[in-house]
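See structure below.
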Amino acid sequence: MKQQANRLLALDILRGITIAGMILVNNPGSWGSIYAPLRHAAWNGLTPTDLVFPFFMFIMGISTFMSLRKFEFKPTSAVIIKILRRFVVIFAIGLGIAWFSKFCYGIASGLTNADEQLPLWTIIANSANSFANLRILGVLPRLAISYGVAALIAVLVNHKYIMHIIVSMLVVYALVLILGNGYEFSDTNIISIIDHAVLGGNHMYSDTIDGVRLEFDPEGFISTLPAIVHVLLGFWVGKKMMAETDNTKRIVVLFVAGAVLTFAGLLLSYGLPINKKIWSPTFVLTTCGLASTLLGLLIWIIDIKGYKKWSCFFESFGVNPLFIYVLAGVLSILLGAIRFANAEGSYTTLKGFIYNDVIGSVITDATLASLVFALLFVCLNWAIGYILYKKKIYIKI
């Protein structure tokens, strides 16, 4: 833990908005009661919820530029080790959370299963040995890989070639999707085939669309290729933006980049649909464009006009983003795994008790109650983040 020097406030605020948004959409009171804008698109399409993760990756690219600029982008052993260490730590934490989830839910299931009266130590041992069905990839592993590859490119490749790399990667991925049935949710999808070959079905996320259930990982192996482009585009836009010292000129750079990328993504979507679950090229372009535009707007509001009071809430998330995201993941697991007997003699989770018995006793509309639970959960994580923020403690992951 250490204190940090001055930061770009608008960037922290946008980062905080995305983290708060990710926690909000990932923790409804009930997955069966969610307002439409807070749902991911089932397959093709784009909802507000689909924006939060790619926005964070775009910001990560800008932050990567600002971080590596201090080392003049020289591939020294210290810089390479710093990049690799951060990659390993973030990836390991992602695996750790996936294991912790199976461990906690395994114990909860074992203790409340009346048909299997197993000894406590047997339940713990069985729950801990979940590696055969552990999901390997996910949000944090994708962040780790995308950051690691993009950062290495930033220090090993001349920056004038970065846009060439971005275009080449998107074109190659677009061809893979077109030639490999990539826009169909089926086991003939090239993404599903490659992910199964590399990861194995037991280590992938399972999804159901229109009654079809398939091991299809939205943060899979092959779809990480365009996710790397997300960070590279953020890096490229950050380089162009920070080349200007005047905030007004920075806004122009961001708005122009945002308009070009968004227009390109929407135009190409007529042939290459926008799809988050396969991280399609048009999804990359459109979300990067919207993120660039929003950052420009925030710089105008916060840094030029000086309207900062409203942003304090999000700043607490933005200065410790990954720590608070990990914290939210751990708390969410515990809320769902902790169980106790209710008046009917069955078991309810702590989350179910709060949602149904506490919030539900006041708010009868299930969808509104679900949203209130999510908002309260966001506030719980904010309260912890706010304490760190006030003490000027910044936890690097």
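The way I read the labels, and the way they are meant: chains A, B, ... in the order of the structure tokens, residue 1 as the first residue of every chain, and ligand 1 as the first ligand shown, with later ones counted on from there.
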What lies within 7 Å of stretch 20-24 of chain A using only C-alpha atoms, ignoring chain neighbours under 5 positions off, as a list in words?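 My list of contacting residues is Val52, Phe53, Phe317, Ala328, Ala374, Leu375 and Val378 of chain A.
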Suppose we keep all heavy atoms; can you now write the selection as a JSON list (two decimals), in the first residue's frame?
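The resulting file, selection-v9.json, is shown below:
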```
[["chain", "number", "residue", "atom", "x", "y", "z"],
["A", 52, "VAL", "N", -19.70, -1.46, -19.79],
["A", 52, "VAL", "CA", -18.86, -1.19, -18.63],
["A", 52, "VAL", "C", -17.51, -1.90, -18.69],
["A", 52, "VAL", "O", -16.47, -1.30, -18.41],
["A", 52, "VAL", "CB", -19.61, -1.53, -17.31],
["A", 52, "VAL", "CG1", -20.68, -0.51, -17.03],
["A", 52, "VAL", "CG2", -20.19, -2.94, -17.34],
["A", 53, "PHE", "N", -17.49, -3.17, -19.05],
["A", 53, "PHE", "CA", -16.23, -3.91, -19.11],
["A", 53, "PHE", "C", -15.30, -3.37, -20.20],
["A", 53, "PHE", "O", -14.13, -3.09, -19.94],
["A", 53, "PHE", "CB", -16.53, -5.40, -19.31],
["A", 53, "PHE", "CG", -15.31, -6.28, -19.23],
["A", 53, "PHE", "CD1", -14.15, -5.87, -18.59],
["A", 53, "PHE", "CD2", -15.32, -7.55, -19.79],
["A", 53, "PHE", "CE1", -13.03, -6.69, -18.52],
["A", 53, "PHE", "CE2", -14.22, -8.38, -19.72],
["A", 53, "PHE", "CZ", -13.07, -7.95, -19.08],
["A", 317, "PHE", "N", -14.05, 4.69, -6.12],
["A", 317, "PHE", "CA", -13.88, 3.46, -6.90],
["A", 317, "PHE", "C", -12.68, 3.57, -7.83],
["A", 317, "PHE", "O", -11.94, 2.61, -8.03],
["A", 317, "PHE", "CB", -15.13, 3.19, -7.75],
["A", 317, "PHE", "CG", -16.33, 2.74, -6.97],
["A", 317, "PHE", "CD1", -17.34, 3.64, -6.65],
["A", 317, "PHE", "CD2", -16.46, 1.42, -6.56],
["A", 317, "PHE", "CE1", -18.46, 3.23, -5.95],
["A", 317, "PHE", "CE2", -17.58, 1.00, -5.85],
["A", 317, "PHE", "CZ", -18.59, 1.90, -5.54],
["A", 328, "ALA", "N", -15.57, -6.87, -4.11],
["A", 328, "ALA", "CA", -16.98, -7.10, -4.45],
["A", 328, "ALA", "C", -17.21, -8.56, -4.81],
["A", 328, "ALA", "O", -18.24, -9.14, -4.43],
["A", 328, "ALA", "CB", -17.41, -6.19, -5.59],
["A", 374, "ALA", "N", -28.88, -4.38, -5.48],
["A", 374, "ALA", "CA", -27.65, -4.12, -6.21],
["A", 374, "ALA", "C", -27.05, -2.77, -5.82],
["A", 374, "ALA", "O", -25.83, -2.64, -5.63],
["A", 374, "ALA", "CB", -27.90, -4.16, -7.72],
["A", 375, "LEU", "N", -27.90, -1.76, -5.68],
["A", 375, "LEU", "CA", -27.43, -0.43, -5.29],
["A", 375, "LEU", "C", -26.85, -0.43, -3.87],
["A", 375, "LEU", "O", -25.81, 0.20, -3.62],
["A", 375, "LEU", "CB", -28.56, 0.59, -5.39],
["A", 375, "LEU", "CG", -29.05, 0.91, -6.80],
["A", 375, "LEU", "CD1", -30.32, 1.77, -6.75],
["A", 375, "LEU", "CD2", -27.97, 1.63, -7.60],
["A", 378, "VAL", "N", -23.46, -1.98, -4.03],
["A", 378, "VAL", "CA", -22.49, -1.00, -4.56],
["A", 378, "VAL", "C", -22.06, -0.05, -3.44],
["A", 378, "VAL", "O", -20.88, 0.25, -3.27],
["A", 378, "VAL", "CB", -23.09, -0.22, -5.74],
["A", 378, "VAL", "CG1", -22.18, 0.96, -6.12],
["A", 378, "VAL", "CG2", -23.28, -1.13, -6.94]]
```
Write out as a ChimeraX atom specification each polymer residue whose atoms come within 9 Å of A:Asp187, counting only C-alpha atoms; drop sequence neighbours fewer than 4 positions from it. /A:191-193,214-216
Shell around stretch 137-154 of chain A at 10 Å using only C-alpha atoms, local window under 6 positions removed, as a PyMOL selection string: chain A and resi 53+56-57+60-61+64-65+67-69+73-75+79-80+82-95+97-98+161-162+165+199+203-205+217-221+223-236+322+325-326
Closest of A:Phe100, A:Trp121, A:Trp31, A:Trp279 to A:Val330, counting only C-alpha atoms, is A:Phe100
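For the set A:Val237, A:Ile384, A:Leu51, A:Leu331, the residue with the smallest atom-to-atom gap to A:Asn27 is A:Leu331, counting only C-alpha atoms.
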Of the candidates A:Thr248, A:Asn381, A:Ser332, A:Asn44, which one gets nearest to A:Asn275 if we count only C-alpha atoms?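 Closest to A:Asn275 of all the choices is A:Asn44.
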I need the residue nearest A:Ile333 from this list: A:Leu294, A:Leu350, A:Leu8, A:Leu285. Use only C-alpha atoms for the distance.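 Closest residue, counting only C-alpha atoms: A:Leu350.
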Need the shell around stretch 252-267 of chain A: protein/DNA/RNA residues with any atom at most 7 Å away, counting only C-alpha atoms. Skip same-chain ones fewer than 3 positions apart. Format as an NGL selection string? :A and (240-241 or 248-249 or 270 or 282-283 or 285-286 or 288-290 or 292-293 or 296)
